[in-house]
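Here is the file structure26.txt (compact mmCIF, C-alpha atoms).
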# COMPACT_ATOMS: atom_id res chain seq x y z
CA MET G 691 -30.26 13.79 72.58
CA HIS G 692 -31.49 10.29 71.98
CA LYS G 693 -35.08 11.09 71.26
CA PRO G 694 -34.70 13.02 67.98
CA LEU G 695 -32.37 10.34 66.63
CA PHE G 696 -34.99 7.68 67.34
CA LEU G 697 -37.56 9.76 65.60
CA ALA G 698 -35.36 10.16 62.55
CA VAL G 699 -34.76 6.43 62.30
CA GLY G 700 -38.47 5.82 62.69
CA LEU G 701 -39.23 8.24 59.86
CA LEU G 702 -36.66 6.67 57.60
CA ALA G 703 -38.06 3.20 58.20
CA ALA G 704 -41.58 4.43 57.62
CA SER G 705 -40.67 6.16 54.35
CA SER G 706 -38.82 3.12 53.00
CA ALA G 707 -41.81 0.92 53.71
CA PHE G 708 -43.76 3.02 51.21
CA ALA G 709 -40.94 3.64 48.74
CA ALA G 710 -41.08 1.98 45.38
CA GLY G 711 -38.42 -0.54 44.58
CA ILE G 712 -36.76 -2.78 42.04
CA GLU G 713 -35.90 -6.41 42.55
CA VAL G 714 -33.37 -7.88 40.20
CA GLU G 715 -32.64 -11.53 39.70
CA ILE G 716 -29.39 -12.45 38.04
CA GLU G 717 -28.93 -16.07 37.09
CA LEU G 718 -25.38 -17.24 36.50
CA PRO G 719 -25.53 -20.52 34.61
CA ARG G 720 -23.45 -23.51 35.66
CA ILE G 721 -20.85 -23.89 32.95
CA ASP G 722 -19.19 -27.27 32.88
CA VAL G 723 -15.57 -26.52 32.01
CA SER G 724 -12.46 -27.51 33.98
CA ASP G 725 -11.01 -24.00 34.03
CA TYR G 726 -14.22 -22.33 35.25
CA ARG G 727 -13.79 -19.01 37.01
CA ARG G 728 -16.71 -17.08 38.44
CA PRO G 729 -17.57 -14.27 36.01
CA TYR G 730 -17.18 -10.57 36.53
CA VAL G 731 -20.71 -9.10 36.49
CA ALA G 732 -21.99 -5.53 36.33
CA ALA G 733 -25.62 -4.40 36.61
CA TRP G 734 -26.81 -0.87 36.02
CA LEU G 735 -29.80 1.20 34.98
CA GLU G 736 -29.48 3.39 31.94
CA ARG G 737 -31.67 5.90 30.13
CA PRO G 738 -32.61 5.71 26.43
CA ASP G 739 -29.68 8.03 25.63
CA ASN G 740 -27.23 5.48 27.17
CA SER G 741 -26.51 7.68 30.18
CA VAL G 742 -26.27 5.75 33.44
CA ALA G 743 -28.99 6.40 36.04
CA ALA G 744 -27.60 4.04 38.69
CA ASN G 745 -24.81 1.55 39.17
CA LEU G 746 -26.46 -1.36 40.97
CA ALA G 747 -23.80 -4.02 41.29
CA VAL G 748 -20.25 -4.85 40.22
CA TRP G 749 -18.95 -8.26 41.15
CA TYR G 750 -15.25 -8.75 40.62
CA ASP G 751 -12.19 -10.22 42.25
CA VAL G 752 -12.02 -7.62 45.04
CA LYS G 753 -9.72 -9.69 47.26
CA MET G 754 -6.78 -10.14 44.91
CA ARG G 755 -3.44 -8.84 46.08
CA ASN G 756 -2.52 -5.25 45.05
CA ALA G 757 -6.00 -4.76 43.59
CA GLU G 758 -4.94 -7.01 40.71
CA GLY G 759 -8.58 -7.94 40.22
CA ALA G 760 -9.31 -4.47 38.85
CA LYS G 761 -7.13 -5.28 35.83
CA TRP G 762 -9.98 -7.12 34.11
CA LEU G 763 -12.81 -4.70 34.90
CA LYS G 764 -12.36 -3.30 31.38
CA ASP G 765 -13.42 -6.67 29.96
CA MET G 766 -16.98 -5.72 30.93
CA ARG G 767 -16.42 -3.37 28.08
CA LEU G 768 -19.90 -1.83 27.80
CA TRP G 769 -20.01 -1.10 31.54
CA TRP G 770 -16.43 0.16 31.42
CA ARG G 771 -17.32 2.60 28.65
CA ARG G 772 -20.63 3.70 30.13
CA THR G 773 -19.56 4.25 33.71
CA GLY G 774 -16.77 1.99 35.00
CA ARG G 775 -13.89 4.17 33.87
CA ASP G 776 -15.42 7.18 35.61
CA LEU G 777 -15.63 5.46 39.00
CA GLU G 778 -13.08 5.08 41.74
CA GLN G 779 -12.97 1.34 42.55
CA PRO G 780 -14.20 -0.15 44.78
CA VAL G 781 -17.56 1.66 44.98
CA ASP G 782 -19.25 1.48 48.39
CA GLY G 783 -22.46 -0.51 48.35
CA VAL G 784 -21.98 -1.49 44.71
CA THR G 785 -18.80 -3.55 44.31
CA ALA G 786 -18.61 -7.01 45.84
CA ALA G 787 -16.93 -10.36 45.33
CA THR G 788 -17.75 -12.60 42.38
CA ARG G 789 -20.60 -15.07 42.90
CA ASN G 790 -21.20 -18.74 42.28
CA PRO G 791 -23.57 -20.11 39.65
CA GLY G 792 -27.20 -19.84 40.72
CA VAL G 793 -29.90 -17.20 41.03
CA HIS G 794 -28.94 -14.07 42.92
CA LYS G 795 -31.68 -11.75 44.16
CA LEU G 796 -30.88 -8.10 44.67
CA SER G 797 -33.28 -5.61 46.15
CA PHE G 798 -33.15 -1.86 45.63
CA THR G 799 -35.30 0.84 47.18
CA GLU G 800 -35.92 4.20 45.62
CA GLY G 801 -34.27 7.02 47.50
CA GLN G 802 -31.59 4.75 48.92
CA VAL G 803 -28.07 3.92 47.77
CA PRO G 804 -27.36 2.76 45.15
CA LEU G 805 -30.65 3.30 43.33
CA GLY G 806 -31.25 6.86 44.50
CA LYS G 807 -34.09 8.97 43.18
CA LEU G 808 -35.27 8.05 39.69
CA ALA G 809 -37.04 10.59 37.49
CA ALA G 810 -40.15 9.25 35.76
CA GLY G 811 -39.36 7.74 32.39
CA GLU G 812 -38.05 4.88 30.36
CA TYR G 813 -35.06 2.89 31.58
CA ARG G 814 -33.34 -0.37 30.92
CA LEU G 815 -31.59 -2.69 33.28
CA VAL G 816 -28.32 -3.84 31.74
CA VAL G 817 -26.44 -6.87 33.05
CA GLU G 818 -23.02 -7.66 31.62
CA ALA G 819 -20.94 -10.73 32.42
CA SER G 820 -17.36 -11.50 31.39
CA ARG G 821 -15.60 -14.73 32.31
CA GLU G 822 -11.90 -15.60 32.29
CA HIS G 823 -11.20 -18.31 29.66
CA GLY G 824 -14.82 -17.80 28.61
CA GLY G 825 -17.06 -15.33 26.85
CA ARG G 826 -18.97 -12.16 27.47
CA GLU G 827 -22.67 -11.39 27.31
CA VAL G 828 -24.96 -8.41 27.81
CA VAL G 829 -28.66 -8.80 28.64
CA THR G 830 -31.00 -5.81 28.63
CA VAL G 831 -34.43 -5.65 30.29
CA PRO G 832 -36.60 -2.57 29.58
CA LEU G 833 -38.66 -0.94 32.36
CA GLN G 834 -40.88 2.05 32.94
CA TRP G 835 -40.56 4.17 36.09
CA PRO G 836 -42.50 4.65 38.27
CA PRO G 837 -44.43 1.40 37.89
CA ALA G 838 -48.23 1.68 37.86
CA SER G 839 -48.55 -1.81 39.27
CA ALA G 840 -46.33 -4.67 40.32
CA THR G 841 -44.75 -6.11 37.21
CA ARG G 842 -42.22 -8.76 36.35
CA ASN G 843 -40.21 -8.76 33.17
CA GLU G 844 -37.49 -11.21 32.23
CA VAL G 845 -35.02 -11.88 29.45
CA ARG G 846 -32.94 -15.03 29.06
CA GLY G 847 -29.27 -14.92 28.27
CA GLU G 848 -27.72 -17.55 26.04
CA HIS G 849 -24.12 -17.98 27.11
CA GLU G 850 -22.73 -16.34 30.20
CA LEU G 851 -26.04 -15.27 31.74
CA GLY G 852 -29.23 -17.15 32.55
CA THR G 853 -32.55 -15.46 33.24
CA ILE G 854 -32.38 -11.79 34.15
CA ALA G 855 -35.61 -10.68 35.82
CA VAL G 856 -36.82 -7.27 36.93
CA GLN G 857 -39.68 -6.99 39.41
CA LEU G 858 -41.07 -3.56 40.05
CA LYS G 859 -43.15 -2.67 43.07
CA PRO G 860 -45.01 0.61 43.07
CA MET V 1440 36.71 -6.82 10.84
CA LYS V 1441 34.09 -9.26 9.80
CA LEU V 1442 31.71 -7.80 12.36
CA ASN V 1443 32.33 -4.30 11.06
CA LYS V 1444 31.51 -5.36 7.56
CA HIS V 1445 28.22 -6.80 8.75
CA PHE V 1446 27.35 -3.56 10.45
CA ALA V 1447 28.12 -1.61 7.32
CA VAL V 1448 25.77 -3.80 5.32
CA ALA V 1449 23.02 -3.42 7.90
CA ALA V 1450 23.38 0.36 7.95
CA LEU V 1451 23.16 0.52 4.18
CA ALA V 1452 20.08 -1.65 4.11
CA LEU V 1453 18.36 0.53 6.68
CA ALA V 1454 19.22 3.67 4.77
CA ALA V 1455 17.75 2.07 1.67
CA ALA V 1456 14.55 1.36 3.54
CA VAL V 1457 13.84 5.08 3.89
CA PRO V 1458 13.37 6.08 0.23
CA ALA V 1459 11.33 2.91 -0.26
CA ALA V 1460 8.88 4.09 2.39
CA GLN V 1461 5.97 3.94 -0.04
CA ALA V 1462 6.30 0.19 -0.14
CA HIS V 1463 6.67 -0.28 3.60
CA GLU V 1464 4.57 0.71 6.52
CA PHE V 1465 5.98 1.93 9.83
CA TRP V 1466 3.90 1.12 12.88
CA LEU V 1467 3.55 0.67 16.61
CA LEU V 1468 1.35 -2.06 18.02
CA PRO V 1469 0.48 -1.77 21.73
CA SER V 1470 -0.57 -4.83 23.73
CA SER V 1471 -3.51 -2.86 25.21
CA THR V 1472 -5.06 0.52 24.55
CA VAL V 1473 -7.54 0.49 27.45
CA LEU V 1474 -6.48 -0.36 31.00
CA SER V 1475 -8.68 -0.53 34.09
CA SER V 1476 -5.72 -0.45 36.46
CA PRO V 1477 -2.15 0.89 36.24
CA GLY V 1478 0.47 -1.50 34.89
CA TYR V 1479 2.75 -2.52 32.09
CA ILE V 1480 2.00 -2.63 28.43
CA THR V 1481 4.37 -3.88 25.75
CA ILE V 1482 4.74 -2.39 22.30
CA ASP V 1483 5.92 -3.89 19.02
CA ALA V 1484 7.48 -1.52 16.50
CA ALA V 1485 8.25 -2.59 12.96
CA VAL V 1486 8.60 -1.68 9.31
CA SER V 1487 6.75 -4.16 7.16
CA ASN V 1488 5.09 -4.85 3.84
CA ASP V 1489 1.80 -5.70 5.51
CA ILE V 1490 0.49 -3.83 8.50
CA PHE V 1491 0.89 -5.49 11.89
CA TYR V 1492 2.82 -8.45 10.46
CA PHE V 1493 6.52 -8.65 11.26
CA ASN V 1494 7.91 -9.43 7.83
CA TYR V 1495 10.55 -6.85 6.94
CA ARG V 1496 12.62 -4.94 9.49
CA PRO V 1497 12.57 -3.72 13.07
CA LEU V 1498 11.80 -0.04 13.60
CA GLY V 1499 14.98 1.77 14.61
CA ILE V 1500 14.27 3.57 17.88
CA ARG V 1501 16.92 5.80 19.40
CA ASP V 1502 16.26 9.02 21.27
CA ASN V 1503 13.19 9.88 19.19
CA LEU V 1504 10.66 7.94 21.30
CA SER V 1505 8.64 9.77 23.93
CA ILE V 1506 6.02 8.31 26.24
CA THR V 1507 4.03 11.17 27.71
CA ALA V 1508 1.48 10.95 30.54
CA ALA V 1509 -1.65 13.10 30.81
CA ASP V 1510 0.18 15.59 33.09
CA GLY V 1511 3.03 15.97 30.58
CA SER V 1512 5.52 13.87 32.57
CA LYS V 1513 7.65 11.34 30.67
CA VAL V 1514 7.91 7.60 31.12
CA GLU V 1515 11.11 5.84 30.10
CA PRO V 1516 10.73 2.79 27.87
CA GLU V 1517 12.01 -0.45 29.44
CA SER V 1518 13.43 -3.71 28.10
CA MET V 1519 14.02 -2.33 24.61
CA VAL V 1520 15.07 -5.12 22.26
CA GLN V 1521 15.71 -4.80 18.56
CA GLY V 1522 15.26 -8.12 16.84
CA LYS V 1523 15.58 -8.99 13.20
CA LEU V 1524 11.93 -8.32 12.39
CA ARG V 1525 10.66 -6.11 15.16
CA THR V 1526 11.64 -3.87 18.05
CA VAL V 1527 9.94 -4.44 21.40
CA PHE V 1528 9.73 -2.25 24.49
CA ASP V 1529 7.66 -2.09 27.65
CA ALA V 1530 6.09 0.92 29.33
CA ASN V 1531 4.98 1.09 32.95
CA LEU V 1532 1.84 3.24 32.97
CA GLN V 1533 1.20 4.18 36.60
CA ALA V 1534 -0.89 7.34 36.30
CA ALA V 1535 -4.54 7.66 35.31
CA GLY V 1536 -5.34 9.23 31.95
CA THR V 1537 -4.18 9.04 28.36
CA TYR V 1538 -0.58 8.29 27.43
CA ARG V 1539 0.84 9.29 24.09
CA LEU V 1540 3.61 7.03 22.74
CA ALA V 1541 5.27 8.85 19.89
CA ILE V 1542 8.26 8.62 17.62
CA ALA V 1543 8.78 12.05 16.13
CA ASN V 1544 11.42 12.97 13.58
CA ALA V 1545 12.27 16.25 11.94
CA SER V 1546 15.14 16.78 9.58
CA MET V 1547 16.34 18.89 6.65
CA MET V 1548 17.81 17.45 3.48
CA ALA V 1549 19.81 19.52 1.05
CA SER V 1550 21.65 18.84 -2.18
CA TRP V 1551 23.63 21.19 -4.37
CA LYS V 1552 26.48 21.36 -6.90
CA GLU V 1553 29.95 22.47 -5.90
CA GLY V 1554 32.58 22.50 -8.63
CA GLY V 1555 30.66 19.96 -10.68
CA GLU V 1556 30.31 17.67 -7.70
CA THR V 1557 26.97 16.90 -6.06
CA LYS V 1558 26.93 17.59 -2.33
CA ARG V 1559 24.33 16.26 0.07
CA TRP V 1560 23.56 17.02 3.67
CA ARG V 1561 20.96 15.76 6.12
CA GLY V 1562 20.49 16.95 9.68
CA PRO V 1563 18.53 19.11 12.10
CA GLN V 1564 17.38 22.54 10.98
CA ALA V 1565 19.50 24.27 13.63
CA GLU V 1566 22.71 23.04 11.96
CA MET V 1567 21.71 23.80 8.41
CA ALA V 1568 23.09 27.34 8.25
CA ASP V 1569 26.57 26.02 9.07
CA LYS V 1570 26.52 23.09 6.70
CA VAL V 1571 24.61 24.23 3.65
CA PRO V 1572 25.54 27.28 1.57
CA ALA V 1573 22.82 29.92 1.36
CA LYS V 1574 23.35 30.11 -2.40
CA ALA V 1575 24.61 27.33 -4.63
CA ASP V 1576 23.95 25.78 -8.02
CA GLU V 1577 20.98 23.45 -8.14
CA LEU V 1578 20.34 23.91 -4.44
CA THR V 1579 17.28 22.05 -3.28
CA ILE V 1580 16.21 21.82 0.33
CA ARG V 1581 13.55 19.56 1.74
CA GLU V 1582 12.14 19.48 5.24
CA SER V 1583 10.72 16.25 6.53
CA VAL V 1584 8.59 16.05 9.67
CA SER V 1585 7.08 12.75 10.71
CA ARG V 1586 5.14 11.47 13.68
CA LEU V 1587 4.33 7.87 14.44
CA GLU V 1588 2.24 7.40 17.56
CA THR V 1589 -0.41 5.53 19.48
CA PHE V 1590 -2.56 6.23 22.51
CA VAL V 1591 -3.19 4.18 25.65
CA THR V 1592 -5.56 5.13 28.46
CA VAL V 1593 -5.60 4.08 32.11
CA GLY V 1594 -9.11 4.70 33.46
CA ARG V 1595 -10.87 7.71 32.02
CA PRO V 1596 -9.63 9.18 28.71
CA THR V 1597 -8.06 12.65 29.00
CA ASP V 1598 -7.52 15.39 26.41
CA VAL V 1599 -4.85 14.98 23.76
CA LYS V 1600 -3.39 18.35 22.75
CA PRO V 1601 -1.41 18.94 19.56
CA THR V 1602 2.33 19.51 19.89
CA GLY V 1603 2.08 22.16 17.17
CA GLN V 1604 4.78 20.57 14.98
CA GLY V 1605 4.07 18.99 11.64
CA LEU V 1606 0.99 16.96 10.79
CA GLU V 1607 -1.02 15.59 13.71
CA LEU V 1608 -4.36 14.09 14.58
CA VAL V 1609 -6.32 16.05 17.17
CA PRO V 1610 -9.15 14.02 18.65
CA VAL V 1611 -12.74 15.19 18.56
CA THR V 1612 -13.61 11.59 19.35
CA HIS V 1613 -10.99 10.27 21.76
CA PRO V 1614 -8.69 7.64 20.17
CA ASN V 1615 -9.34 5.30 23.11
CA ASP V 1616 -13.10 5.72 22.82
CA LEU V 1617 -13.75 4.12 19.44
CA TYR V 1618 -16.47 1.54 18.94
CA GLU V 1619 -17.88 -0.55 16.14
CA GLY V 1620 -20.99 1.13 14.74
CA SER V 1621 -20.17 4.50 16.31
CA PRO V 1622 -19.00 7.53 14.36
CA ALA V 1623 -15.61 9.05 15.11
CA VAL V 1624 -14.42 12.54 14.20
CA PHE V 1625 -10.76 13.56 14.04
CA THR V 1626 -9.20 16.89 13.13
CA PHE V 1627 -5.89 16.99 11.31
CA VAL V 1628 -3.66 19.96 11.96
CA VAL V 1629 -0.46 21.25 10.39
CA ASP V 1630 1.68 23.10 12.93
CA GLY V 1631 -1.38 23.22 15.17
CA LYS V 1632 -3.77 24.69 12.56
CA PRO V 1633 -6.64 22.67 11.01
CA ALA V 1634 -5.67 21.46 7.54
CA ALA V 1635 -8.20 20.93 4.74
CA GLY V 1636 -7.70 18.48 1.88
CA ILE V 1637 -5.42 16.04 3.71
CA GLU V 1638 -5.77 12.48 2.48
CA VAL V 1639 -6.16 9.93 5.27
CA GLU V 1640 -5.94 6.17 4.81
CA MET V 1641 -7.03 3.51 7.26
CA ILE V 1642 -6.48 -0.23 7.10
CA ARG V 1643 -7.81 -2.75 9.58
CA ALA V 1644 -5.54 -5.48 10.93
CA GLY V 1645 -5.83 -9.04 9.68
CA THR V 1646 -5.21 -8.49 5.96
CA ARG V 1647 -3.65 -11.98 5.78
CA TYR V 1648 -7.08 -13.49 6.29
CA ARG V 1649 -8.97 -11.59 3.64
CA ASP V 1650 -8.52 -11.00 -0.08
CA GLN V 1651 -8.96 -7.23 -0.23
CA LEU V 1652 -7.17 -4.58 1.82
CA GLU V 1653 -10.50 -2.86 2.48
CA LYS V 1654 -8.62 0.41 2.71
CA ILE V 1655 -10.68 3.39 3.82
CA THR V 1656 -9.65 6.66 2.16
CA LEU V 1657 -10.98 9.97 3.43
CA THR V 1658 -10.11 13.61 2.84
CA THR V 1659 -10.29 16.28 5.52
CA ASN V 1660 -13.00 18.91 5.01
CA ALA V 1661 -12.72 22.70 5.27
CA ASP V 1662 -12.42 22.37 9.06
CA GLY V 1663 -9.65 19.80 8.74
CA GLN V 1664 -11.96 17.02 9.89
CA ILE V 1665 -12.77 13.50 8.84
CA SER V 1666 -15.74 11.52 10.11
CA HIS V 1667 -16.04 7.77 9.94
CA THR V 1668 -18.36 5.11 11.33
CA TRP V 1669 -16.46 1.92 12.09
CA GLN V 1670 -17.95 -1.12 10.41
CA HIS V 1671 -15.66 -3.60 12.14
CA PRO V 1672 -13.83 -3.69 15.46
CA GLY V 1673 -10.08 -4.27 15.41
CA MET V 1674 -6.70 -2.57 15.30
CA TYR V 1675 -6.46 0.07 12.58
CA TYR V 1676 -3.45 1.61 10.93
CA LEU V 1677 -4.05 5.25 9.98
CA LYS V 1678 -1.73 7.17 7.69
CA ALA V 1679 -1.84 10.74 6.44
CA GLY V 1680 0.62 12.84 4.52
CA VAL V 1681 0.99 16.18 2.81
CA THR V 1682 3.66 18.01 0.85
CA GLY V 1683 3.93 21.70 0.20
CA LYS V 1684 6.08 24.78 0.37
CA SER V 1685 7.42 25.84 3.74
CA GLU V 1686 5.86 29.03 5.06
CA THR V 1687 8.82 29.91 7.22
CA MET V 1688 11.72 29.11 4.87
CA GLU V 1689 12.15 30.19 1.28
CA ASN V 1690 12.39 27.56 -1.46
CA VAL V 1691 11.99 24.68 0.96
CA GLU V 1692 9.65 21.84 0.24
CA ARG V 1693 8.00 20.26 3.28
CA ARG V 1694 6.96 16.64 3.58
CA LEU V 1695 4.77 15.93 6.56
CA SER V 1696 3.64 12.48 7.52
CA TYR V 1697 1.56 11.05 10.30
CA VAL V 1698 0.83 7.47 11.33
CA THR V 1699 -1.19 6.20 14.25
CA THR V 1700 -2.57 2.89 15.47
CA LEU V 1701 -6.14 2.97 16.72
CA GLU V 1702 -8.09 0.23 18.43
CA VAL V 1703 -11.81 0.02 17.66
CA LEU V 1704 -13.68 -2.05 20.23
CA ALA V 1705 -16.69 -4.23 19.67
CA GLN V 1706 -20.03 -2.92 20.91

The structure in this file should be written as structure tokens.
Amino acid sequence: MHKPLFLAVGLLAASSAFAAGIEVEIELPRIDVSDYRRPYVAAWLERPDNSVAANLAVWYDVKMRNAEGAKWLKDMRLWWRRTGRDLEQPVDGVTAATRNPGVHKLSFTEGQVPLGKLAAGEYRLVVEASREHGGREVVTVPLQWPPASATRNEVRGEHELGTIAVQLKP
Amino acid sequence: MKLNKHFAVAALALAAAVPAAQAHEFWLLPSSTVLSSPGYITIDAAVSNDIFYFNYRPLGIRDNLSITAADGSKVEPESMVQGKLRTVFDANLQAAGTYRLAIANASMMASWKEGGETKRWRGPQAEMADKVPAKADELTIRESVSRLETFVTVGRPTDVKPTGQGLELVPVTHPNDLYEGSPAVFTFVVDGKPAAGIEVEMIRAGTRYRDQLEKITLTTNADGQISHTWQHPGMYYLKAGVTGKSETMENVERRLSYVTTLEVLAQ
């Protein structure tokens, strides 16, 4: 009974070692205001026709009583329109608590949740941030899948987001 | 006695407000049109000279308000207050989907001569046969059907189906899925059937802070549709109306009117 299971795990590990992946860096700038609240942030991959290929991350106030934190998910209005309103919150492996200012590195492997299998083509990584008592910003980084070689592409936000970087590994 | 007199004056003033409808706009203004979790919204309802400013009278709401969930169930309004300039009520929206908040009115108005005296009657169609003679001198009968509504969605927008009475907007583009720079298509129907040649007016909120109304005027095409690409986000007042002969009653003129409030979101 044990042996086949071991084999399966071994195969999975072996395949992921060769699987292509995406590393995303999301920088949340330090904003010096007395009523600072960590922003709600959503990151997803979309196709040129605006359809969503993968929901990568949603950071919101998951711990609030009676799921009160979900009340402001709509303020990430592009994400809400593209995919948020179609999802049952919280989404396993995607939703998490809000994060402090700083650079947050996220790693995604093709074939695994939440990235899944990506058809070859043009995509864009979209990161949207919305902050209580503050503003909202969307940063978009284009990418081509699958990558021919390791590449890094970054776009700087101006208000609610710092540098958003996408590193592709073939 | 003094109190009674005051009431009489108020009632008269309200009655006077109806024929002057051209000069005043009737509207509902919801606190939110898109919700990501169930909860309360609050709605302002008023009759005013300028849209979305409380500067004339409260909207009289009695039993003609219905708040309908996506599954057809009804929600009762709460904390209804009629002030001097506006009426306010809350609605607890607990189910997912699109809610329709509507004030619908339908009435018949008749006038005729009886022994040199002018008689008038106003009431529901069902009572007309008892109250209005079938034949009389200078008999004129008018039917008036109006709908004032707005839409609010919890989570994913759901279909909005016509009630089949009077003039209505039937979404091709969902009323809670409107965005700056994106085209929207709406069908207008009379008694559930697409109606060509209906004039539709739209005005964006915030007229106090600009010189021109920037009114958008469109006419429904052969399929009863209008198409519009929103240049600016904001709350919009939409009004449409049509008059014509009744198809079900002889010698009856029909006046149909429709008003809705739409929120257009920024990209």

Subject >> Best match for closeness to chain G among V:Glu1582, V:Glu1577, V:Asp1616, V:Glu1553, counting all atoms listed in the file >> reply: V:Asp1616

Subject >> Nearest residue to chain G from the set V:Gln1706, V:Ser1666, V:Thr1592, V:Gln1521 (distances using only C-alpha atoms) >> reply: V:Gln1706

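Around the coordinate (-28.9, 3.6, 46.4), residues that reach within 9 Å when counting all atoms listed in the file are Ala744, Asn745, Leu746, Gly783, Val784, Phe798, Thr799, Glu800, Gly801, Gln802, Val803, Pro804, Leu805, Gly806 and Lys807 of chain G.
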
Closest pair table for chain G residues within 6 Å of chain V, all atoms listed in the file, as JSON lines:
{"residue": "G:Ala760", "atom": "CA", "partner": "V:Ser1476", "partner_atom": "CA", "distance": 5.9}
{"residue": "G:Lys761", "atom": "CA", "partner": "V:Ser1476", "partner_atom": "CA", "distance": 5.1}
{"residue": "G:Leu763", "atom": "CA", "partner": "V:Ser1475", "partner_atom": "CA", "distance": 5.9}
{"residue": "G:Lys764", "atom": "CA", "partner": "V:Ser1475", "partner_atom": "CA", "distance": 5.3}
{"residue": "G:Arg775", "atom": "CA", "partner": "V:Gly1594", "partner_atom": "CA", "distance": 4.8}
{"residue": "G:Asp776", "atom": "CA", "partner": "V:Arg1595", "partner_atom": "CA", "distance": 5.8}

Subject >> Exercise: segment 750-756 of chain G partners within 7 Å, all atoms listed in the file, chain neighbours under 3 positions left out, as a PyMOL selection string >> reply: chain G and resi 730-731+759+786-788

Subject >> Who sits within 10 Å of His794 of chain G, only C-alpha atoms, same chain under 2 positions skipped, as a PyMOL selection string >> reply: chain G and resi 714-718+789-792+796+854

Original post:
Which distance in Å separates atom CA of Asn1660 of chain V and atom CA of Ala1679 of chain V, to one decimal?
Top reply: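 Atom CA of Ala1679 of chain V lies at a distance of 13.9 Å from atom CA of Asn1660 of chain V.
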
Original post:
So how many Å separate atom CA of Leu1677 of chain V and atom CA of Pro1563 of chain V, to one decimal?
Top reply: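 We find that atom CA of Leu1677 of chain V and atom CA of Pro1563 of chain V lie 26.6 Å from each other.
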
Select from segment 726-805 of chain G every residue with an atom at most 10 Å from any atom of segment 828-847 of chain G, then for each give the shortest pair of atoms and their distance in Å to one decimal, using only C-alpha atoms, rows by chain and rising number, as a tab-separated table.
residue	atom	partner	partner_atom	distance
G:Val731	CA	G:Val828	CA	9.7
G:Ala732	CA	G:Val828	CA	9.5
G:Ala733	CA	G:Val829	CA	9.6
G:Trp734	CA	G:Thr830	CA	9.8
G:Leu735	CA	G:Pro832	CA	9.5
G:Glu736	CA	G:Pro832	CA	9.6
G:Arg737	CA	G:Pro832	CA	9.8
G:Pro738	CA	G:Pro832	CA	9.7
G:Met766	CA	G:Val828	CA	9.0
G:Arg767	CA	G:Val828	CA	9.9
G:Leu768	CA	G:Val828	CA	8.3
G:Trp769	CA	G:Val828	CA	9.6
G:Glu800	CA	G:Pro836	CA	9.9

Original post:
From the set V:Pro1601, V:Thr1646, V:Tyr1697, V:Ala1541, which residue has the shortest atom-to-atom contact distance to Asn1488 of chain V, counting only C-alpha atoms?
Top reply: V:Thr1646

Subject >> Sel. within 10 Å of pt (-7.5, 16.5, 29.1), counting only C-alpha atoms, output as a list in words >> reply: Ala1509, Asp1510, Gly1536, Thr1537, Arg1595, Pro1596, Thr1597, Asp1598, Val1599 and Lys1600 of chain V

Subject >> Interatomic distance, atom CA of Arg1525 of chain V to atom CA of Leu1467 of chain V (Å, one decimal) >> reply: 9.9 Å

Subject >> Distance query Arg821 of chain G at most 6 Å, only C-alpha atoms, self and fewer than 2 positions along chain excluded, as a ChimeraX atom specification >> reply: /G:729,824-825

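Distance check against Met1519 of chain V using all atoms listed in the file: of V:Pro1469, V:Arg1496, V:Ile1655, V:Ala1484, the minimum falls on V:Ala1484.
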
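Between Val781 of chain G and the residues G:Trp749, G:Asp765, G:Pro719, G:Pro860, the shortest atom-to-atom distance, using all atoms listed in the file, involves G:Trp749.
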
Original post:
What's the 7 Å shell around Gly1683 of chain V, counting all atoms listed in the file, without same-chain residues fewer than 4 positions away, as a ChimeraX atom specification?
Top reply: /V:1692-1694
